[in-house]
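Engineer: What follows is upload-v7.txt; its format and atoms are compact mmCIF, C-alpha atoms.
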```txt
# COMPACT_ATOMS: atom_id res chain seq x y z
CA MET A 1 148.60 121.11 -7.00
CA ALA A 2 150.66 118.02 -6.48
CA ALA A 3 152.30 118.53 -9.89
CA SER A 4 153.51 121.99 -8.94
CA GLY A 5 155.24 120.52 -5.92
CA TYR A 6 152.81 121.81 -3.23
CA SER A 7 150.50 119.59 -1.20
CA ASP A 8 148.82 122.54 0.56
CA LEU A 9 147.46 125.71 -1.06
CA ARG A 10 148.60 127.76 1.98
CA GLU A 11 152.20 126.79 1.34
CA LYS A 12 151.95 127.88 -2.31
CA LEU A 13 150.45 131.28 -1.38
CA LYS A 14 153.11 131.79 1.24
CA SER A 15 155.88 131.16 -1.33
CA MET A 16 154.33 133.68 -3.72
CA THR A 17 154.33 136.54 -1.12
CA PRO A 18 157.50 136.15 0.97
CA HIS A 19 157.78 139.93 1.56
CA ARG A 20 154.69 139.89 3.76
CA ASP A 21 156.22 137.57 6.31
CA GLU A 22 159.44 139.57 6.31
CA TYR A 23 157.50 142.79 6.97
CA LYS A 24 155.43 141.20 9.74
CA ASN A 25 158.47 139.75 11.48
CA LYS A 26 160.38 143.03 11.21
CA HIS A 27 157.42 145.08 12.47
CA ALA A 28 156.74 142.69 15.31
CA HIS A 29 160.40 142.79 16.35
CA GLU A 30 160.54 146.59 16.29
CA THR A 31 157.28 146.87 18.25
CA SER A 32 158.50 144.37 20.81
CA ASN A 33 161.80 146.21 21.25
CA GLY A 34 160.07 149.58 21.48
CA SER A 35 157.51 148.47 24.03
CA GLU A 36 160.19 146.70 26.02
CA LYS A 37 162.35 149.84 26.08
CA SER A 38 159.32 151.94 27.01
CA ARG A 39 158.35 149.51 29.73
CA LYS A 40 161.86 149.46 31.13
CA ARG A 41 162.01 153.26 31.07
CA LYS A 42 158.66 153.53 32.86
CA ASN A 43 159.71 150.96 35.40
CA ARG A 44 162.93 152.85 36.08
CA GLU A 45 161.00 156.08 36.53
CA SER A 46 158.38 154.37 38.69
CA ASP A 47 161.00 152.62 40.79
CA GLY A 48 162.84 155.89 41.25
CA ASP A 49 159.69 157.72 42.33
CA GLU A 50 158.67 154.88 44.63
CA CYS A 51 162.11 154.67 46.15
CA GLU A 52 162.23 158.43 46.69
CA HIS A 53 158.70 158.44 48.16
CA SER A 54 159.44 155.42 50.32
CA ASP A 55 162.61 157.02 51.69
CA ASP A 56 160.76 160.24 52.53
CA SER A 57 157.88 158.35 54.15
CA THR A 58 160.20 156.15 56.17
CA GLU A 59 162.15 159.14 57.42
CA LEU A 60 158.95 160.94 58.46
CA ARG A 61 157.68 157.89 60.32
CA GLU A 62 161.01 157.50 62.09
CA GLN A 63 160.95 161.13 63.13
CA GLU A 64 157.41 160.76 64.44
CA ALA A 65 158.34 157.57 66.30
CA ARG A 66 161.18 159.42 68.03
CA ARG A 67 158.79 162.21 69.05
CA VAL A 68 156.38 159.65 70.50
CA GLU A 69 159.09 157.79 72.39
CA SER A 70 160.54 160.99 73.83
CA SER A 71 157.19 161.91 75.41
CA ILE A 72 156.64 158.57 77.18
CA LEU A 73 157.85 157.65 80.66
CA GLN A 74 157.76 153.99 81.66
CA LYS A 75 158.76 152.29 84.91
CA GLY A 76 158.44 148.80 86.36
CA LEU A 77 157.20 149.62 89.86
CA PHE A 78 155.02 146.70 90.92
CA THR A 79 156.47 143.30 91.83
CA ALA A 80 154.79 139.98 91.03
CA GLU A 81 153.48 139.89 94.62
CA ASP A 82 152.10 143.43 94.30
CA CYS A 83 150.43 142.49 91.02
CA ALA A 84 148.84 139.35 92.45
CA LEU A 85 147.22 141.34 95.28
CA ILE A 86 145.93 144.05 92.96
CA GLU A 87 144.65 141.47 90.47
CA GLU A 88 142.58 139.88 93.25
CA LYS A 89 141.02 143.29 93.85
CA ILE A 90 140.26 143.66 90.13
CA ASP A 91 138.52 140.28 90.21
CA GLU A 92 136.39 141.56 93.10
CA VAL A 93 135.38 144.57 90.99
CA VAL A 94 134.33 142.23 88.17
CA ALA A 95 132.29 140.10 90.59
CA LYS A 96 130.52 143.12 92.07
CA ALA A 97 129.68 144.40 88.60
CA GLU A 98 128.15 141.06 87.61
CA ALA A 99 126.14 141.08 90.82
CA GLY A 100 124.72 144.49 89.88
CA LEU A 101 126.25 146.29 92.85
CA TYR A 102 127.54 149.33 90.95
CA ARG A 103 125.74 152.35 89.59
CA GLU A 104 124.61 152.17 86.00
CA HIS A 105 127.32 154.31 84.43
CA THR A 106 130.13 152.72 86.41
CA VAL A 107 130.10 149.67 84.13
CA ASP A 108 130.47 149.78 80.36
CA ARG A 109 130.46 146.43 78.55
CA ALA A 110 131.78 145.63 75.07
CA PRO A 111 132.77 142.37 73.34
CA LEU A 112 135.98 141.08 74.97
CA ARG A 113 136.46 144.34 76.90
CA ASN A 114 134.74 145.80 79.97
CA LYS A 115 135.29 149.27 81.45
CA TYR A 116 134.72 150.25 85.06
CA PHE A 117 134.58 154.02 85.75
CA PHE A 118 135.31 155.34 89.25
CA GLY A 119 135.35 158.93 90.49
CA GLU A 120 134.43 160.36 87.10
CA GLY A 121 132.94 158.76 83.99
CA TYR A 122 132.25 160.17 80.55
CA THR A 123 130.33 159.49 77.35
CA TYR A 124 132.23 158.42 74.26
CA GLY A 125 131.86 156.51 70.98
CA SER A 126 128.34 155.29 70.21
CA GLN A 127 127.04 156.91 73.42
CA LEU A 128 127.47 160.37 71.90
CA GLU A 129 124.50 162.19 70.39
CA LYS A 130 126.98 163.91 68.05
CA ARG A 131 130.07 162.01 66.94
CA GLY A 132 133.57 163.42 66.79
CA PRO A 133 136.36 164.82 68.97
CA GLY A 134 135.24 167.41 71.48
CA GLN A 135 131.74 165.95 71.89
CA GLU A 136 132.57 163.85 74.95
CA ARG A 137 130.87 164.83 78.23
CA LEU A 138 131.38 163.92 81.87
CA TYR A 139 128.47 162.26 83.61
CA ARG A 140 126.80 164.26 86.34
CA LYS A 141 128.33 164.00 89.79
CA GLY A 142 127.33 160.83 91.62
CA GLU A 143 126.44 158.80 88.49
CA VAL A 144 129.51 156.58 88.85
CA ASP A 145 130.90 155.00 92.02
CA GLU A 146 133.73 156.52 94.03
CA ILE A 147 137.31 155.37 93.53
CA PRO A 148 137.75 152.17 95.59
CA GLY A 149 139.95 152.48 98.65
CA TRP A 150 142.32 149.77 97.44
CA VAL A 151 143.11 151.75 94.26
CA ASP A 152 144.24 154.66 96.43
CA GLU A 153 146.15 152.52 98.93
CA LEU A 154 147.81 150.01 96.59
CA VAL A 155 148.30 152.03 93.40
CA ILE A 156 147.94 155.82 93.70
CA LYS A 157 149.99 156.23 96.89
CA ARG A 158 152.75 154.12 95.39
CA LEU A 159 152.89 156.39 92.33
CA VAL A 160 152.96 159.49 94.54
CA SER A 161 155.81 158.10 96.65
CA GLU A 162 157.80 157.30 93.50
CA GLY A 163 157.30 160.84 92.17
CA VAL A 164 155.28 159.75 89.14
CA ILE A 165 152.31 162.00 90.01
CA PRO A 166 151.74 164.69 92.63
CA GLU A 167 149.51 164.03 95.61
CA GLY A 168 145.84 164.86 94.94
CA PHE A 169 146.27 164.64 91.16
CA VAL A 170 143.95 161.68 90.49
CA ASN A 171 140.17 162.07 90.61
CA SER A 172 139.30 159.55 87.86
CA ALA A 173 140.22 155.87 87.79
CA VAL A 174 139.16 153.51 85.00
CA ILE A 175 139.78 149.77 84.91
CA ASN A 176 139.86 148.27 81.42
CA ASP A 177 139.52 144.48 81.53
CA TYR A 178 140.47 142.78 78.22
CA GLN A 179 139.91 139.18 77.21
CA PRO A 180 142.13 137.51 74.56
CA GLY A 181 141.50 139.18 71.20
CA GLY A 182 140.01 142.29 72.82
CA CYS A 183 141.02 145.76 71.70
CA ILE A 184 140.40 149.47 71.97
CA VAL A 185 140.40 151.50 68.76
CA SER A 186 142.75 154.40 67.99
CA HIS A 187 141.92 157.50 70.00
CA VAL A 188 143.28 160.50 71.88
CA ASP A 189 142.10 160.91 75.46
CA PRO A 190 139.75 163.94 75.24
CA LEU A 191 141.82 167.09 75.71
CA HIS A 192 138.82 169.08 76.95
CA ILE A 193 138.05 166.43 79.59
CA PHE A 194 141.40 165.32 80.99
CA ALA A 195 144.53 167.16 82.08
CA ARG A 196 147.91 165.65 81.30
CA PRO A 197 149.71 163.36 81.95
CA ILE A 198 147.77 160.13 81.34
CA VAL A 199 148.96 157.39 83.71
CA SER A 200 148.26 153.67 83.33
CA VAL A 201 149.35 150.55 85.22
CA SER A 202 149.17 147.07 83.61
CA PHE A 203 148.21 143.76 85.20
CA PHE A 204 147.63 140.04 84.49
CA SER A 205 149.85 139.81 81.37
CA ASP A 206 152.22 141.61 79.02
CA SER A 207 150.87 143.50 76.01
CA ALA A 208 151.68 146.46 73.76
CA LEU A 209 150.45 150.00 73.23
CA CYS A 210 150.50 151.09 69.57
CA PHE A 211 150.59 154.63 68.18
CA GLY A 212 149.40 155.96 64.83
CA CYS A 213 147.31 152.95 63.71
CA ARG A 214 144.18 152.99 61.56
CA PHE A 215 141.39 150.49 62.17
CA GLN A 216 139.13 148.89 59.56
CA PHE A 217 136.24 146.60 60.37
CA LYS A 218 134.29 143.60 59.01
CA PRO A 219 136.72 141.92 59.42
CA ILE A 220 138.81 143.95 61.82
CA ARG A 221 142.18 145.03 60.43
CA VAL A 222 144.83 147.38 61.81
CA SER A 223 147.46 149.29 59.83
CA GLU A 224 151.17 149.27 60.65
CA PRO A 225 151.81 151.41 63.76
CA VAL A 226 154.21 154.33 63.83
CA PHE A 227 155.51 153.19 67.21
CA VAL A 228 154.97 150.08 69.35
CA LEU A 229 155.52 150.32 73.10
CA PRO A 230 155.87 146.98 74.94
CA VAL A 231 153.84 147.07 78.15
CA ARG A 232 154.84 144.64 80.87
CA ARG A 233 152.80 143.36 83.78
CA GLY A 234 153.37 145.67 86.76
CA SER A 235 154.72 148.53 84.64
CA VAL A 236 153.60 152.16 84.80
CA THR A 237 153.22 154.13 81.56
CA VAL A 238 152.97 157.93 81.53
CA LEU A 239 151.85 159.74 78.36
CA SER A 240 152.33 163.47 77.93
CA GLY A 241 153.18 165.93 75.17
CA TYR A 242 153.18 164.51 71.64
CA ALA A 243 152.30 160.94 72.68
CA ALA A 244 149.23 162.13 74.59
CA ASP A 245 147.96 164.95 72.37
CA ASP A 246 149.16 164.70 68.78
CA ILE A 247 148.94 161.03 67.82
CA THR A 248 146.37 158.32 68.48
CA HIS A 249 147.06 155.24 70.57
CA CYS A 250 145.29 151.88 70.65
CA ILE A 251 145.37 148.27 71.77
CA ARG A 252 145.36 145.82 68.82
CA PRO A 253 143.53 142.45 69.03
CA GLN A 254 146.75 140.57 68.25
CA ASP A 255 148.47 142.15 71.26
CA ILE A 256 146.00 140.70 73.79
CA LYS A 257 146.97 137.03 73.93
CA GLN A 258 145.88 136.50 77.56
CA ARG A 259 143.58 138.34 79.91
CA ARG A 260 144.96 141.80 80.57
CA ALA A 261 143.75 144.66 82.78
CA VAL A 262 144.93 148.25 82.99
CA ILE A 263 144.13 150.89 85.60
CA ILE A 264 144.07 154.36 84.00
CA LEU A 265 144.55 157.27 86.39
CA ARG A 266 143.68 160.81 85.27
CA LYS A 267 142.60 164.24 86.46
CA THR A 268 139.57 165.94 84.93
CA ARG A 269 139.81 169.59 83.97
CA PRO A 270 137.86 172.03 86.18
CA ASP A 271 136.02 173.36 83.11
CA ALA A 272 135.30 169.96 81.55
CA PRO A 273 131.71 169.91 80.17
CA ARG A 274 129.10 167.68 81.77
CA LEU A 275 125.84 166.24 80.55
CA ASP A 276 122.96 168.61 81.25
CA SER A 277 119.77 167.62 83.04
CA ASP A 278 117.85 167.20 79.77
CA SER A 279 120.23 164.60 78.36
CA PRO A 280 118.64 161.30 77.27
CA LEU A 281 121.36 159.52 79.26
CA ARG A 282 119.95 160.89 82.51
CA SER A 283 119.57 158.33 85.27
CA SER A 284 119.30 158.21 89.03
CA PRO A 285 122.64 158.01 90.85
CA VAL A 286 121.28 155.21 93.03
CA GLU A 287 120.16 153.00 90.17
CA ARG A 288 121.74 149.58 90.18
CA ARG A 289 122.65 147.58 87.12
CA PRO A 290 120.61 144.36 86.79
CA VAL A 291 122.38 141.12 87.55
CA LEU A 292 124.24 139.83 84.50
CA LYS A 293 125.51 136.28 84.79
CA ALA A 294 128.23 136.04 82.19
CA LYS A 295 128.87 132.52 80.98
CA ARG A 296 132.49 133.14 80.01
CA SER A 297 135.40 132.93 82.43
CA HIS A 298 137.31 136.09 83.27
CA ARG A 299 140.54 134.17 83.21
CA ARG A 300 140.15 132.66 79.77
CA ALA A 301 137.86 133.53 76.89
CA ASP A 302 137.09 132.46 73.35
CA PRO A 303 138.38 135.13 70.91
CA ASP A 304 135.49 134.30 68.57
CA ALA A 305 132.84 135.07 71.18
CA ALA A 306 132.26 138.57 69.82
CA HIS A 307 131.19 137.16 66.45
CA ARG A 308 128.50 134.82 67.71
CA PRO A 309 124.79 135.67 67.32
CA ARG A 310 123.35 137.74 70.16
CA VAL A 311 119.96 137.42 71.81
CA LEU A 312 117.68 139.92 70.11
CA GLU A 313 114.73 141.77 71.61
CA MET A 314 112.38 139.82 69.35
CA ASP A 315 113.82 136.59 70.76
CA LYS A 316 113.06 137.74 74.30
CA GLU A 317 109.51 138.63 73.30
CA GLU A 318 108.92 135.25 71.70
CA ASN A 319 110.20 133.49 74.83
CA ARG A 320 107.43 135.21 76.74
CA HIS A 321 104.90 133.75 74.27
CA PRO A 322 105.74 130.05 73.77
CA SER A 323 102.99 129.46 71.22
CA LEU A 324 104.34 132.28 69.09
CA SER A 325 107.86 130.89 69.34
CA ARG A 326 106.69 127.48 68.08
CA ARG A 327 105.11 129.03 65.01
CA ARG A 328 108.21 131.06 64.18
CA ARG A 329 110.83 128.53 65.20
CA HIS A 330 111.87 127.69 61.66
CA SER A 331 112.13 131.31 60.51
CA SER A 332 114.33 132.55 63.38
CA SER A 333 117.94 133.36 62.54
CA SER A 334 119.16 133.37 66.16
CA GLU A 335 121.20 130.34 67.16
CA ASN A 336 120.47 130.89 70.86
CA TYR A 337 116.76 131.11 70.25
CA TRP A 338 116.79 127.86 68.27
CA LYS A 339 118.48 126.05 71.14
CA ARG A 340 116.00 127.42 73.68
CA SER A 341 113.08 126.38 71.50
CA GLN A 342 114.39 122.82 71.37
CA GLU A 343 114.75 122.74 75.14
CA TYR A 344 111.23 124.09 75.54
CA GLU A 345 109.76 121.34 73.36
CA LYS A 346 111.54 118.66 75.37
CA HIS A 347 110.31 120.10 78.68
CA ARG A 348 106.78 120.53 77.36
CA GLU A 349 106.56 116.90 76.17
CA SER A 350 107.94 115.50 79.43
CA SER A 351 106.03 117.67 81.89
CA GLY A 352 102.85 118.55 80.01
CA ARG A 353 102.97 122.09 81.33
CA LYS A 354 104.45 125.46 80.40
CA VAL A 355 108.07 125.92 81.44
CA LYS A 356 109.64 129.28 82.06
CA MET A 357 112.74 129.57 79.89
CA ARG A 358 116.04 130.81 81.30
CA ARG A 359 118.31 133.12 79.39
CA HIS A 360 121.82 131.74 78.86
```
If you took the structure in this file and wrote it as structure tokens, what would it be?

Structural biologist:
Amino acid sequence: MAASGYSDLREKLKSMTPHRDEYKNKHAHETSNGSEKSRKRKNRESDGDECEHSDDSTELREQEARRVESSILQKGLFTAEDCALIEEKIDEVVAKAEAGLYREHTVDRAPLRNKYFFGEGYTYGSQLEKRGPGQERLYRKGEVDEIPGWVDELVIKRLVSEGVIPEGFVNSAVINDYQPGGCIVSHVDPLHIFARPIVSVSFFSDSALCFGCRFQFKPIRVSEPVFVLPVRRGSVTVLSGYAADDITHCIRPQDIKQRRAVIILRKTRPDAPRLDSDSPLRSSPVERRPVLKAKRSHRRADPDAAHRPRVLEMDKEENRHPSLSRRRRHSSSSENYWKRSQEYEKHRESSGRKVKMRRH
């Protein structure tokens, strides 16, 4: 092979069949050019479709945003001094609720958000036997506390004097108390329960009301809103028409950076359905909520609090049987229960007697 001038058999074979390499190179070049042209053509078509679709979608969203904005009235009626006085009253409501001084259905607790119903309350969300719009029901008369006098004197009368609502319009007042990171999912205030307009007054901090969002959970995510309405402390927001009936509104977690409270004032429809006497939610109107001593502050809160392990019913049962809790200590998945078990062991070793555990 060396005598023929080749040191590698592959080189010799290559020299004997030069047409193969020429064909391969030519074919590869043509294929590359063809695929590139095809790809460019597809991209142009795709870009054109996407651009056309994007323009249409943007225009529709802008039209919807204008419809929302046109059906909202907003005024800054309450001064900083007015707000401070009303916020003190809201704190008193929170304190009374924690002391168990309200009727059972007056208070509705959720992670980073508590509701306080006055005048009229209603079932919604997970409280419904059947899910979906139109299934909401008013509680029976007397199952929530009456509207506090300070709400009428400090808020409702001011709105009447400013011509925001007519006198005698309000028979339902709800206080929503949000901690940082709290939210309320997209919804429309039940049309069969409440007349329009929907009036709300904001306190403690500035926030935003968003329209046309979609929520996803685990982890919580919120789509881009159609319209964002800044909501200032002391401002009054009135929803009617399209904003109240034809598009959802919500409070996003990212819009609650500090504690925020809102007083929602509405009128129930005369024919609004109520829970019947056979409902599983039936309770005595004089029942009082048990004392709940919340560990968190109502001025500041940890946004991650909602994701921490909760005390389960099985944990409570095991606390009532210390010997059982010792046997199952290592298999429990509750962080709170583990801490209580450790405290119990320390007390038992130091005192030599059974210690009644406190719930934290």

Engineer: Quick check, in Å to one decimal: how far apart do CA of Glu59 (chain A) and CA of Cys210 (chain A) lie?

Structural biologist: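 Separation between CA of Glu59 (chain A) and CA of Cys210 (chain A): 18.7 Å.
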
Engineer: Separation of CA of Ser207 (chain A) and CA of Ser240 (chain A), in Å?

Structural biologist: 20.1 Å

Engineer: Which of these residues is nearest to Phe227 (chain A), using only C-alpha atoms: A:Ser172, A:Gly142, A:Phe194, A:Cys213?

Structural biologist: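 When distances to Phe227 (chain A) are compared using only C-alpha atoms, the smallest one comes from A:Cys213.
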
Engineer: Could you give me, as a ChimeraX atom specification, the residues within 10 Å of region 152-156 of chain A, counting all atoms listed in the file and dropping anything in the same chain fewer than 3 positions from it?

Structural biologist: /A:77-78,82-83,85-86,89,147-149,159-162,164-170,173,201,263,265

Engineer: For Arg259 (chain A), which residue among A:Thr237, A:Thr58, A:Thr79, A:Asn176 is the nearest when counting only C-alpha atoms?

Structural biologist: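 Going through A:Thr237, A:Thr58, A:Thr79, A:Asn176 one by one, the smallest distance to Arg259 (chain A) is for A:Asn176.
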
Engineer: Report, in Å with one decimal, the straight-line distance from CA of Arg269 (chain A) to CA of Trp150 (chain A).

Structural biologist: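 Going from CA of Arg269 (chain A) over to CA of Trp150 (chain A), I get 24.1 Å.
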
Engineer: Which neighbours of Arg61 (chain A) fall inside 10 Å, counting all atoms listed in the file, when residues of the same chain fewer than 3 positions from it are skipped, and could you give them as a list in words?

Structural biologist: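 Skipping anything fewer than 3 positions along the chain leaves Asp55, Asp56, Ser57, Thr58, Glu64, Ala65, Arg66, Arg67, Gly212, Pro225, Val226 and Phe227 of chain A.
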
Engineer: Could you tell me which of A:Ile220, A:Arg233, A:Thr268, A:Tyr139 comes closest to Asp189 (chain A) if we count only C-alpha atoms?

Structural biologist: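 Using only C-alpha atoms, the shortest distance to Asp189 (chain A) belongs to A:Thr268.
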
Engineer: Given only C-alpha atoms as the basis, pick out the residue of A:Ala99, A:Val188, A:Ala208, A:Ala244 nearest to Pro230 (chain A).

Structural biologist: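 Of the candidates, the smallest distance to Pro230 (chain A) is held by A:Ala208.
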
Engineer: I need the residue nearest His105 (chain A) from this list: A:Val144, A:Ile175, A:Glu136, A:Phe118. Use all atoms listed in the file for the distance.

Structural biologist: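 Selected residue with least distance to His105 (chain A): A:Val144.
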
Engineer: With only C-alpha atoms as the basis for distance, which of A:Pro273, A:Pro197, A:Pro253, A:Pro219 is at the shortest distance from Lys141 (chain A)?

Structural biologist: A:Pro273
